[in-house]
file input18.pdb (PDB, C-alpha atoms)
ATOM      1  CA  MET D 778     -59.401 -30.611  11.765
ATOM      2  CA  LYS D 779     -56.064 -30.660  13.535
ATOM      3  CA  THR D 780     -55.205 -27.661  15.652
ATOM      4  CA  PRO D 781     -52.087 -26.924  17.728
ATOM      5  CA  HIS D 782     -54.171 -27.141  20.880
ATOM      6  CA  ARG D 783     -55.114 -30.793  20.407
ATOM      7  CA  PHE D 784     -52.524 -33.214  21.675
ATOM      8  CA  ALA D 785     -51.987 -36.800  20.695
ATOM      9  CA  ALA D 786     -52.201 -39.525  23.283
ATOM     10  CA  LEU D 787     -48.440 -39.947  23.272
ATOM     11  CA  ALA D 788     -47.178 -38.339  26.440
ATOM     12  CA  ALA D 789     -44.638 -38.982  29.068
ATOM     13  CA  ALA D 790     -45.112 -40.291  32.436
ATOM     14  CA  THR D 791     -45.147 -37.267  33.758
ATOM     15  CA  LEU D 792     -45.136 -33.842  32.895
ATOM     16  CA  ILE D 793     -46.233 -33.396  36.398
ATOM     17  CA  ALA D 794     -47.859 -36.743  36.261
ATOM     18  CA  GLY D 795     -45.055 -39.125  36.839
ATOM     19  CA  ALA D 796     -44.237 -37.042  39.853
ATOM     20  CA  LEU D 797     -43.154 -38.193  43.304
ATOM     21  CA  ALA D 798     -42.250 -36.111  46.348
ATOM     22  CA  GLY D 799     -38.718 -34.732  46.173
ATOM     23  CA  CYS D 800     -36.603 -31.823  45.030
ATOM     24  CA  ALA D 801     -35.087 -30.558  41.798
ATOM     25  CA  ALA D 802     -33.061 -27.500  40.813
ATOM     26  CA  ASP D 803     -35.219 -24.456  40.169
ATOM     27  CA  ALA D 804     -32.729 -21.862  38.950
ATOM     28  CA  ALA D 805     -31.501 -21.182  35.434
ATOM     29  CA  ASP D 806     -27.862 -22.191  35.753
ATOM     30  CA  PRO D 807     -25.209 -23.519  33.387
ATOM     31  CA  GLY D 808     -24.868 -27.257  33.560
ATOM     32  CA  GLY D 809     -21.712 -29.279  33.340
ATOM     33  CA  THR D 810     -20.012 -30.114  30.072
ATOM     34  CA  GLY D 811     -18.281 -33.349  29.215
ATOM     35  CA  ASP D 812     -15.154 -34.280  27.308
ATOM     36  CA  GLY D 813     -16.697 -37.051  25.244
ATOM     37  CA  ALA D 814     -17.402 -34.964  22.139
ATOM     38  CA  ALA D 815     -15.348 -32.529  20.114
ATOM     39  CA  GLY D 816     -15.710 -30.007  17.336
ATOM     40  CA  GLU D 817     -19.223 -28.756  16.743
ATOM     41  CA  ALA D 818     -20.694 -30.493  19.809
ATOM     42  CA  ALA D 819     -18.210 -28.776  22.131
ATOM     43  CA  ASP D 820     -19.376 -25.369  20.894
ATOM     44  CA  ARG D 821     -23.072 -26.181  21.180
ATOM     45  CA  SER D 822     -25.370 -25.169  24.017
ATOM     46  CA  ILE D 823     -28.813 -26.533  24.780
ATOM     47  CA  ALA D 824     -31.388 -25.575  27.388
ATOM     48  CA  PHE D 825     -33.522 -27.856  29.515
ATOM     49  CA  ILE D 826     -36.678 -26.410  31.099
ATOM     50  CA  SER D 827     -38.391 -28.709  33.585
ATOM     51  CA  GLY D 828     -42.046 -28.377  34.484
ATOM     52  CA  ALA D 829     -41.942 -30.126  37.851
ATOM     53  CA  ASN D 830     -39.972 -29.455  41.018
ATOM     54  CA  ASN D 831     -40.157 -32.962  42.496
ATOM     55  CA  GLU D 832     -38.456 -36.343  42.403
ATOM     56  CA  TRP D 833     -39.688 -37.192  38.920
ATOM     57  CA  GLY D 834     -38.399 -33.848  37.649
ATOM     58  CA  SER D 835     -35.103 -34.311  39.466
ATOM     59  CA  CYS D 836     -34.577 -37.756  37.948
ATOM     60  CA  LEU D 837     -35.554 -36.452  34.520
ATOM     61  CA  GLN D 838     -33.030 -33.638  34.841
ATOM     62  CA  GLY D 839     -30.357 -36.079  35.989
ATOM     63  CA  GLY D 840     -30.795 -38.046  32.784
ATOM     64  CA  VAL D 841     -30.611 -34.848  30.722
ATOM     65  CA  GLU D 842     -27.449 -33.704  32.499
ATOM     66  CA  ALA D 843     -25.706 -37.051  32.100
ATOM     67  CA  ALA D 844     -26.457 -37.265  28.377
ATOM     68  CA  ALA D 845     -25.456 -33.649  27.758
ATOM     69  CA  SER D 846     -22.167 -34.224  29.554
ATOM     70  CA  ASP D 847     -21.498 -37.378  27.538
ATOM     71  CA  ALA D 848     -22.188 -35.462  24.326
ATOM     72  CA  GLY D 849     -19.909 -32.586  25.302
ATOM     73  CA  VAL D 850     -22.528 -29.851  25.030
ATOM     74  CA  GLU D 851     -23.120 -26.948  27.385
ATOM     75  CA  LEU D 852     -26.380 -27.296  29.291
ATOM     76  CA  LEU D 853     -28.452 -24.473  30.772
ATOM     77  CA  THR D 854     -31.304 -25.479  33.083
ATOM     78  CA  ALA D 855     -34.428 -23.860  34.508
ATOM     79  CA  ASN D 856     -37.496 -25.035  36.408
ATOM     80  CA  SER D 857     -41.007 -23.698  35.869
ATOM     81  CA  ASP D 858     -42.352 -25.035  39.180
ATOM     82  CA  ALA D 859     -45.671 -26.070  37.607
ATOM     83  CA  ASP D 860     -46.327 -22.411  36.697
ATOM     84  CA  ALA D 861     -47.370 -21.744  33.090
ATOM     85  CA  ALA D 862     -46.339 -18.079  33.202
ATOM     86  CA  LYS D 863     -42.914 -19.026  34.540
ATOM     87  CA  GLU D 864     -42.542 -21.596  31.780
ATOM     88  CA  LEU D 865     -43.073 -18.975  29.083
ATOM     89  CA  ALA D 866     -40.618 -16.640  30.829
ATOM     90  CA  ASN D 867     -38.061 -19.467  30.946
ATOM     91  CA  VAL D 868     -38.467 -20.095  27.221
ATOM     92  CA  GLU D 869     -37.973 -16.392  26.501
ATOM     93  CA  ASP D 870     -34.903 -16.297  28.759
ATOM     94  CA  MET D 871     -33.292 -19.283  27.041
ATOM     95  CA  ILE D 872     -33.970 -17.740  23.633
ATOM     96  CA  SER D 873     -32.207 -14.573  24.815
ATOM     97  CA  ARG D 874     -29.197 -16.649  25.894
ATOM     98  CA  GLY D 875     -28.716 -17.828  22.337
ATOM     99  CA  VAL D 876     -28.970 -21.559  22.907
ATOM    100  CA  ASP D 877     -28.927 -23.892  19.918
ATOM    101  CA  ALA D 878     -32.037 -25.769  21.090
ATOM    102  CA  ILE D 879     -34.503 -25.875  23.964
ATOM    103  CA  LEU D 880     -35.655 -29.138  25.543
ATOM    104  CA  LEU D 881     -38.989 -28.510  27.251
ATOM    105  CA  ASN D 882     -40.863 -30.600  29.787
ATOM    106  CA  THR D 883     -44.031 -28.532  29.849
ATOM    107  CA  VAL D 884     -46.154 -27.672  32.868
ATOM    108  CA  SER D 885     -49.286 -28.736  30.974
ATOM    109  CA  VAL D 886     -50.560 -29.162  27.457
ATOM    110  CA  ASP D 887     -52.532 -25.941  27.868
ATOM    111  CA  ALA D 888     -49.350 -23.998  28.648
ATOM    112  CA  LEU D 889     -47.296 -25.457  25.832
ATOM    113  CA  GLN D 890     -48.532 -23.575  22.805
ATOM    114  CA  GLY D 891     -47.101 -20.226  23.920
ATOM    115  CA  GLY D 892     -43.629 -21.738  24.219
ATOM    116  CA  ILE D 893     -43.875 -23.371  20.799
ATOM    117  CA  GLN D 894     -44.844 -20.070  19.218
ATOM    118  CA  LYS D 895     -42.078 -18.106  20.980
ATOM    119  CA  ALA D 896     -39.370 -20.575  19.976
ATOM    120  CA  ALA D 897     -40.610 -20.841  16.391
ATOM    121  CA  ALA D 898     -40.718 -17.059  15.994
ATOM    122  CA  ALA D 899     -37.142 -16.823  17.271
ATOM    123  CA  GLY D 900     -35.934 -19.656  15.061
ATOM    124  CA  VAL D 901     -34.795 -21.733  18.051
ATOM    125  CA  PRO D 902     -35.469 -25.481  17.688
ATOM    126  CA  LEU D 903     -37.801 -26.742  20.438
ATOM    127  CA  TYR D 904     -37.678 -30.384  21.503
ATOM    128  CA  LEU D 905     -40.462 -31.663  23.741
ATOM    129  CA  ILE D 906     -40.211 -34.124  26.598
ATOM    130  CA  ALA D 907     -43.506 -35.694  27.680
ATOM    131  CA  VAL D 908     -46.051 -34.513  25.134
ATOM    132  CA  VAL D 909     -46.299 -34.062  21.401
ATOM    133  CA  PRO D 910     -48.826 -31.897  19.539
ATOM    134  CA  GLU D 911     -50.642 -33.350  16.553
ATOM    135  CA  ASP D 912     -49.142 -30.547  14.462
ATOM    136  CA  THR D 913     -45.393 -31.124  14.749
ATOM    137  CA  SER D 914     -44.361 -28.653  12.066
ATOM    138  CA  GLU D 915     -43.088 -26.067  14.578
ATOM    139  CA  ILE D 916     -41.066 -28.377  16.828
ATOM    140  CA  LEU D 917     -37.737 -30.116  16.364
ATOM    141  CA  GLY D 918     -39.124 -33.355  17.772
ATOM    142  CA  ALA D 919     -40.225 -35.105  20.960
ATOM    143  CA  THR D 920     -39.476 -38.056  23.200
ATOM    144  CA  VAL D 921     -42.537 -39.451  24.934
ATOM    145  CA  VAL D 922     -43.964 -42.358  26.853
ATOM    146  CA  ASP D 923     -47.161 -43.964  25.623
ATOM    147  CA  LEU D 924     -49.189 -43.089  28.703
ATOM    148  CA  ALA D 925     -52.363 -44.651  27.349
ATOM    149  CA  GLY D 926     -50.327 -47.804  26.802
ATOM    150  CA  ALA D 927     -49.085 -47.623  30.396
ATOM    151  CA  GLY D 928     -52.661 -47.516  31.629
ATOM    152  CA  ALA D 929     -53.526 -50.424  29.369
ATOM    153  CA  LEU D 930     -50.682 -52.506  30.828
ATOM    154  CA  ALA D 931     -52.065 -51.976  34.324
ATOM    155  CA  ALA D 932     -55.578 -52.856  33.181
ATOM    156  CA  GLY D 933     -54.302 -55.978  31.438
ATOM    157  CA  TRP D 934     -52.706 -57.219  34.638
ATOM    158  CA  ILE D 935     -55.977 -56.720  36.535
ATOM    159  CA  ALA D 936     -57.915 -58.529  33.800
ATOM    160  CA  GLU D 937     -55.565 -61.495  33.956
ATOM    161  CA  ASP D 938     -55.557 -61.609  37.758
ATOM    162  CA  ALA D 939     -59.346 -61.346  38.009
ATOM    163  CA  ALA D 940     -59.711 -64.193  35.498
ATOM    164  CA  GLY D 941     -63.188 -63.187  34.361
ATOM    165  CA  ALA D 942     -64.662 -62.542  37.801
ATOM    166  CA  GLU D 943     -66.867 -59.503  38.399
ATOM    167  CA  VAL D 944     -64.611 -57.011  40.204
ATOM    168  CA  ALA D 945     -64.861 -53.434  41.512
ATOM    169  CA  VAL D 946     -61.980 -51.135  40.610
ATOM    170  CA  GLY D 947     -60.938 -47.739  41.959
ATOM    171  CA  VAL D 948     -58.599 -45.195  40.373
ATOM    172  CA  ILE D 949     -56.468 -42.681  42.248
ATOM    173  CA  ALA D 950     -55.402 -40.357  39.451
ATOM    174  CA  GLY D 951     -52.909 -37.511  39.378
ATOM    175  CA  ALA D 952     -53.690 -33.911  38.498
ATOM    176  CA  PRO D 953     -56.734 -33.406  36.253
ATOM    177  CA  GLY D 954     -55.999 -32.031  32.804
ATOM    178  CA  ALA D 955     -52.407 -33.262  32.625
ATOM    179  CA  SER D 956     -50.832 -36.535  31.529
ATOM    180  CA  SER D 957     -52.874 -38.320  34.184
ATOM    181  CA  ASP D 958     -55.870 -38.124  31.874
ATOM    182  CA  TYR D 959     -54.057 -40.066  29.136
ATOM    183  CA  VAL D 960     -53.122 -42.843  31.569
ATOM    184  CA  VAL D 961     -56.631 -43.152  32.968
ATOM    185  CA  ALA D 962     -58.168 -43.202  29.502
ATOM    186  CA  GLY D 963     -55.872 -46.039  28.456
ATOM    187  CA  PHE D 964     -56.659 -47.907  31.667
ATOM    188  CA  GLU D 965     -60.416 -47.540  31.308
ATOM    189  CA  GLY D 966     -60.344 -48.572  27.663
ATOM    190  CA  ALA D 967     -58.417 -51.770  28.351
ATOM    191  CA  LEU D 968     -60.433 -53.079  31.303
ATOM    192  CA  PRO D 969     -62.670 -56.078  30.574
ATOM    193  CA  ALA D 970     -66.441 -55.747  30.838
ATOM    194  CA  SER D 971     -66.344 -57.766  34.057
ATOM    195  CA  ALA D 972     -64.355 -54.975  35.784
ATOM    196  CA  THR D 973     -66.342 -51.916  36.877
ATOM    197  CA  ILE D 974     -64.712 -48.626  37.863
ATOM    198  CA  VAL D 975     -66.680 -47.534  40.922
ATOM    199  CA  ALA D 976     -64.478 -44.605  42.015
ATOM    200  CA  ASN D 977     -62.065 -42.243  40.252
ATOM    201  CA  GLN D 978     -60.563 -39.387  42.243
ATOM    202  CA  PRO D 979     -57.379 -37.269  41.859
ATOM    203  CA  GLY D 980     -54.581 -37.688  44.380
ATOM    204  CA  MET D 981     -52.631 -34.763  42.884
ATOM    205  CA  PHE D 982     -49.407 -36.814  42.905
ATOM    206  CA  ASN D 983     -49.150 -36.224  46.641
ATOM    207  CA  ARG D 984     -48.866 -39.032  49.179
ATOM    208  CA  ALA D 985     -50.914 -37.353  51.907
ATOM    209  CA  ALA D 986     -53.626 -36.291  49.466
ATOM    210  CA  ALA D 987     -53.784 -39.808  48.024
ATOM    211  CA  GLN D 988     -54.085 -41.283  51.500
ATOM    212  CA  GLY D 989     -57.080 -39.044  52.161
ATOM    213  CA  VAL D 990     -58.635 -40.038  48.839
ATOM    214  CA  ALA D 991     -58.093 -43.710  49.658
ATOM    215  CA  GLU D 992     -59.700 -43.309  53.086
ATOM    216  CA  ASN D 993     -62.806 -41.776  51.512
ATOM    217  CA  MET D 994     -62.827 -44.326  48.714
ATOM    218  CA  ILE D 995     -62.788 -47.386  50.948
ATOM    219  CA  GLN D 996     -65.550 -45.920  53.112
ATOM    220  CA  ALA D 997     -67.754 -45.238  50.085
ATOM    221  CA  GLU D 998     -66.850 -48.483  48.303
ATOM    222  CA  PRO D 999     -66.029 -51.116  50.944
ATOM    223  CA  ASP D1000     -66.174 -53.936  48.384
ATOM    224  CA  LEU D1001     -63.293 -52.645  46.236
ATOM    225  CA  ASP D1002     -61.118 -55.380  44.791
ATOM    226  CA  TYR D1003     -58.415 -53.417  42.925
ATOM    227  CA  VAL D1004     -57.100 -49.858  42.878
ATOM    228  CA  PHE D1005     -54.929 -48.359  40.152
ATOM    229  CA  VAL D1006     -52.770 -45.564  41.605
ATOM    230  CA  LEU D1007     -50.906 -43.384  39.127
ATOM    231  CA  ASN D1008     -47.590 -43.282  40.932
ATOM    232  CA  GLU D1009     -45.880 -45.191  43.677
ATOM    233  CA  ASP D1010     -45.611 -42.309  46.130
ATOM    234  CA  MET D1011     -49.400 -41.966  46.108
ATOM    235  CA  ALA D1012     -49.680 -45.746  46.254
ATOM    236  CA  PHE D1013     -47.825 -45.798  49.583
ATOM    237  CA  GLY D1014     -50.383 -43.351  50.970
ATOM    238  CA  ALA D1015     -53.206 -45.493  49.635
ATOM    239  CA  ARG D1016     -51.670 -48.652  51.122
ATOM    240  CA  THR D1017     -51.540 -46.983  54.537
ATOM    241  CA  ALA D1018     -55.221 -46.050  54.312
ATOM    242  CA  PHE D1019     -56.389 -49.442  53.102
ATOM    243  CA  ASP D1020     -54.385 -51.320  55.731
ATOM    244  CA  ALA D1021     -55.761 -49.074  58.477
ATOM    245  CA  ALA D1022     -59.241 -49.962  57.255
ATOM    246  CA  GLY D1023     -58.460 -53.656  57.537
ATOM    247  CA  ARG D1024     -58.177 -54.120  53.771
ATOM    248  CA  GLU D1025     -54.683 -55.554  53.486
ATOM    249  CA  ASP D1026     -56.121 -57.783  50.754
ATOM    250  CA  LEU D1027     -57.024 -54.860  48.483
ATOM    251  CA  VAL D1028     -54.782 -55.114  45.411
ATOM    252  CA  ILE D1029     -52.810 -52.053  44.288
ATOM    253  CA  VAL D1030     -51.368 -51.642  40.795
ATOM    254  CA  THR D1031     -49.275 -48.533  40.227
ATOM    255  CA  MET D1032     -46.613 -46.799  38.078
ATOM    256  CA  ASN D1033     -42.954 -45.675  37.961
ATOM    257  CA  GLY D1034     -40.562 -48.437  39.059
ATOM    258  CA  THR D1035     -38.701 -46.520  41.772
ATOM    259  CA  GLU D1036     -36.508 -48.435  44.188
ATOM    260  CA  PRO D1037     -39.063 -48.118  47.034
ATOM    261  CA  GLY D1038     -41.823 -49.145  44.633
ATOM    262  CA  LEU D1039     -39.976 -52.252  43.514
ATOM    263  CA  ALA D1040     -39.248 -53.134  47.137
ATOM    264  CA  ALA D1041     -42.967 -52.796  47.891
ATOM    265  CA  ILE D1042     -43.752 -55.278  45.123
ATOM    266  CA  GLU D1043     -41.217 -57.721  46.548
ATOM    267  CA  GLU D1044     -42.816 -57.308  49.987
ATOM    268  CA  GLY D1045     -46.344 -57.771  48.622
ATOM    269  CA  LYS D1046     -47.569 -54.225  49.332
ATOM    270  CA  PHE D1047     -48.135 -53.591  45.605
ATOM    271  CA  ALA D1048     -49.035 -56.273  43.090
ATOM    272  CA  ALA D1049     -47.518 -54.688  39.976
ATOM    273  CA  THR D1050     -46.118 -51.439  38.615
ATOM    274  CA  VAL D1051     -45.531 -49.993  35.171
ATOM    275  CA  SER D1052     -41.842 -49.127  34.872
ATOM    276  CA  ASP D1053     -41.307 -45.774  33.118
ATOM    277  CA  SER D1054     -37.804 -44.483  33.897
ATOM    278  CA  ALA D1055     -37.604 -40.684  34.230
ATOM    279  CA  SER D1056     -33.815 -40.590  33.840
ATOM    280  CA  ASN D1057     -33.963 -42.729  30.713
ATOM    281  CA  LEU D1058     -36.582 -40.371  29.286
ATOM    282  CA  GLY D1059     -34.304 -37.379  29.860
ATOM    283  CA  ALA D1060     -31.206 -39.015  28.452
ATOM    284  CA  THR D1061     -33.037 -40.276  25.375
ATOM    285  CA  ALA D1062     -34.461 -36.819  24.726
ATOM    286  CA  VAL D1063     -30.984 -35.250  24.674
ATOM    287  CA  THR D1064     -29.574 -37.935  22.380
ATOM    288  CA  ASN D1065     -32.465 -37.679  19.944
ATOM    289  CA  ALA D1066     -32.560 -33.870  19.958
ATOM    290  CA  LEU D1067     -28.857 -33.662  19.122
ATOM    291  CA  ALA D1068     -29.305 -36.228  16.360
ATOM    292  CA  LEU D1069     -32.085 -34.131  14.839
ATOM    293  CA  LEU D1070     -29.949 -30.990  15.006
ATOM    294  CA  ASP D1071     -27.298 -32.833  13.015
ATOM    295  CA  ASP D1072     -29.519 -34.810  10.650
ATOM    296  CA  ASP D1073     -33.026 -33.993   9.468
ATOM    297  CA  SER D1074     -33.585 -37.679   8.673
ATOM    298  CA  ALA D1075     -33.319 -38.710  12.347
ATOM    299  CA  GLU D1076     -36.496 -39.958  14.035
ATOM    300  CA  LYS D1077     -38.621 -36.949  14.973
ATOM    301  CA  ILE D1078     -40.961 -38.567  17.489
ATOM    302  CA  SER D1079     -39.662 -41.397  19.649
ATOM    303  CA  GLN D1080     -41.014 -43.443  22.531
ATOM    304  CA  VAL D1081     -39.097 -44.806  25.495
ATOM    305  CA  GLN D1082     -39.567 -48.269  26.893
ATOM    306  CA  ILE D1083     -42.255 -49.097  29.429
ATOM    307  CA  SER D1084     -42.858 -52.501  30.975
ATOM    308  CA  LEU D1085     -45.113 -54.177  33.505
ATOM    309  CA  ILE D1086     -43.167 -55.280  36.572
ATOM    310  CA  THR D1087     -44.395 -57.988  38.959
ATOM    311  CA  PRO D1088     -42.639 -60.161  41.550
ATOM    312  CA  ASP D1089     -41.689 -62.473  38.672
ATOM    313  CA  ASN D1090     -39.571 -59.929  36.740
ATOM    314  CA  LEU D1091     -38.313 -57.358  39.238
ATOM    315  CA  ASP D1092     -34.869 -57.373  37.629
ATOM    316  CA  GLY D1093     -36.401 -56.184  34.351
ATOM    317  CA  ALA D1094     -37.217 -52.670  35.574
ATOM    318  CA  VAL D1095     -35.132 -49.882  34.020
ATOM    319  CA  PRO D1096     -33.716 -47.799  36.937
ATOM    320  CA  PHE D1097     -36.131 -44.928  37.506
ATOM    321  CA  CYS D1098     -33.502 -42.423  38.528
ATOM    322  CA  GLY D1099     -30.363 -43.595  36.749
TER
END
call {"tool": "encode", "arguments": {"input": "input18.pdb", "output": "structure tokens"}}
result
Amino acid sequence: MKTPHRFAALAAATLIAGALAGCAADAADPGGTGDGAAGEAADRSIAFISGANNEWGSCLQGGVEAAASDAGVELLTANSDADAAKELANVEDMISRGVDAILLNTVSVDALQGGIQKAAAAGVPLYLIAVVPEDTSEILGATVVDLAGAGALAAGWIAEDAAGAEVAVGVIAGAPGASSDYVVAGFEGALPASATIVANQPGMFNRAAAQGVAENMIQAEPDLDYVFVLNEDMAFGARTAFDAAGREDLVIVTMNGTEPGLAAIEEGKFAATVSDSASNLGATAVTNALALLDDDSAEKISQVQISLITPDNLDGAVPFCG
């Protein structure tokens, strides 16, 4: 039976999970408005509540701000700083401000239900960025990334590169219980039988933590062939650890498509990455939410583009941060 607490495997690269080290705004402040729209759009206000105070969250917010400005709507922003209680308080605050809709990038799927219930009770349309519940009756809509599909793309590259050989694979995941789990599940499900996952540890989307995980991993599993690291910032930490251990040959596949990540692919530090633009996710969410406010027939649940990037198609990556 479907319940509001079960979430489909469509989720965005990050909640917290697409996260890299960085900064984002953490105060509830009015955003800029643009001159590109008139009439009803000019009188409309929407709220954006981010779950992560980091580079991924900053790039996501940049995409939201740009699209809101282009549409000529007032934008109010807040950051929940990965705190579920703060997220609920932010939702309540935006409801009290009388916004026409709330765009929410939740802290975690466990924290989300309270916000859905508050917005529904107040009659304020709630549009989700990153996750979508199986029961969508109480939300306006959602824009997501197929995180399981992202994991499958990474696994597919490893399968092709290994060419049927028996290989040992490690995983440096993000934060347990968040979108990281969807990515890892998709990765595990798409690996061939000849590839064995011998280590799976969380790096908490932190470069230093991931470096420590990688150091322990290579000591425990010296015969590793491949490691899938769930974002490029962690992957840089892992690369440092593996190189220090004399394993420059250990192949890293990762996610995001940031400028430093793409440069690392060109330099041979990473073999491949799954491009999942945070700014494009934010901009698409605004566009689709406004369309749904204007037209009930607009697409309720939409996915943004992801693609596997290697040295052969570096130019094909959608800019991660606009």
call {"tool": "closest_residue", "arguments": {"input": "input18.pdb", "among": "D:Val886, D:Leu1007, D:Ala967, D:Val946", "to": "Glu864 of chain D", "atoms": "only C-alpha atoms"}}
result
D:Val886
call {"tool": "closest_atom_pairs", "arguments": {"input": "input18.pdb", "of": "segment 990-1051 of chain D", "to": "segment 919-926 of chain D", "cutoff": "12 Å", "atoms": "all atoms listed in the file", "output": "CSV"}}
result
residue,atom,partner,partner_atom,distance
D:Leu1007,CA,D:Leu924,CA,10.6
D:Met1032,CA,D:Leu924,CA,10.4
D:Asn1033,CA,D:Leu924,CA,11.5
D:Val1051,CA,D:Gly926,CA,9.9
call {"tool": "closest_residue", "arguments": {"input": "input18.pdb", "among": "D:Glu965, D:Asp938, D:Asp870, D:Asp860", "to": "Leu889 of chain D", "atoms": "all atoms listed in the file"}}
result
D:Asp860
call {"tool": "residues_near_point", "arguments": {"input": "input18.pdb", "point": "(-53.3, -46.9, 47.2)", "cutoff": "12 Å", "atoms": "only C-alpha atoms", "output": "ChimeraX atom specification"}}
result
/D:946-950,978-980,982-995,1001-1021,1024-1032,1038,1041,1046-1048
call {"tool": "atom_distance", "arguments": {"input": "input18.pdb", "atom1": "atom CA of Glu1036 of chain D", "atom2": "atom CA of Pro953 of chain D"}}
result
26.4 Å
call {"tool": "residues_around", "arguments": {"input": "input18.pdb", "residues": "Val876 of chain D", "least_positions_apart": "3", "cutoff": "12 Å", "atoms": "all atoms listed in the file", "output": "JSON, numbers by chain"}}
result
{"D": [807, 820, 821, 822, 823, 824, 825, 850, 851, 852, 853, 854, 868, 869, 870, 871, 872, 873, 879, 880, 896, 899, 900, 901, 902, 903]}
call {"tool": "closest_residue", "arguments": {"input": "input18.pdb", "among": "D:Val1063, D:Ala862, D:Ile974, D:Ala1068", "to": "Asp847 of chain D", "atoms": "only C-alpha atoms"}}
result
D:Val1063
call {"tool": "atom_distance", "arguments": {"input": "input18.pdb", "atom1": "atom CA of Gly928 of chain D", "atom2": "atom CA of Phe964 of chain D"}}
result
4.0 Å
call {"tool": "resolve_selection", "arguments": {"input": "input18.pdb", "expression": "the PyMOL selection byres ((chain D and resi 1096) around 10)", "output": "list of chain:residue names"}}
result
D:Asn1033, D:Gly1034, D:Thr1035, D:Glu1036, D:Ser1052, D:Asp1053, D:Ser1054, D:Ala1055, D:Ser1056, D:Asn1057, D:Asp1092, D:Gly1093, D:Ala1094, D:Val1095, D:Phe1097, D:Cys1098, D:Gly1099
call {"tool": "atom_distance", "arguments": {"input": "input18.pdb", "atom1": "atom CA of Gly1059 of chain D", "atom2": "atom CA of Gln890 of chain D"}}
result
21.0 Å
call {"tool": "closest_residue", "arguments": {"input": "input18.pdb", "among": "D:Tyr904, D:Ser971, D:Glu915, D:Gln1080", "to": "Glu937 of chain D", "atoms": "only C-alpha atoms"}}
result
D:Ser971
call {"tool": "closest_residue", "arguments": {"input": "input18.pdb", "among": "D:Ala976, D:Ile906, D:Leu1069, D:Ala1075", "to": "Asp877 of chain D", "atoms": "only C-alpha atoms"}}
result
D:Leu1069
call {"tool": "decode", "arguments": {"input": "input18.pdb", "residues": "segment 868-888 of chain D", "atoms": "C-alpha atoms", "output": "short mmCIF file (atom, residue, chain, number, x, y, z; two decimals), in the first residue's frame"}}
result
data_model
loop_
_atom_site.label_atom_id
_atom_site.label_comp_id
_atom_site.auth_asym_id
_atom_site.auth_seq_id
_atom_site.Cartn_x
_atom_site.Cartn_y
_atom_site.Cartn_z
CA VAL D 868 7.81 26.40 5.43
CA GLU D 869 5.62 27.94 8.14
CA ASP D 870 7.34 31.31 7.70
CA MET D 871 6.82 31.33 3.93
CA ILE D 872 3.16 30.40 4.40
CA SER D 873 2.80 33.37 6.76
CA ARG D 874 4.32 35.65 4.11
CA GLY D 875 1.50 34.81 1.74
CA VAL D 876 3.54 33.44 -1.14
CA ASP D 877 1.75 31.94 -4.13
CA ALA D 878 3.88 28.77 -4.06
CA ILE D 879 6.78 27.21 -2.19
CA LEU D 880 9.64 25.44 -3.96
CA LEU D 881 11.27 23.06 -1.49
CA ASN D 882 14.60 21.27 -1.66
CA THR D 883 14.14 19.12 1.42
CA VAL D 884 16.75 18.24 4.02
CA SER D 885 15.76 14.57 3.78
CA VAL D 886 12.85 12.40 2.78
CA ASP D 887 12.12 11.82 6.46
CA ALA D 888 11.74 15.56 7.06
#
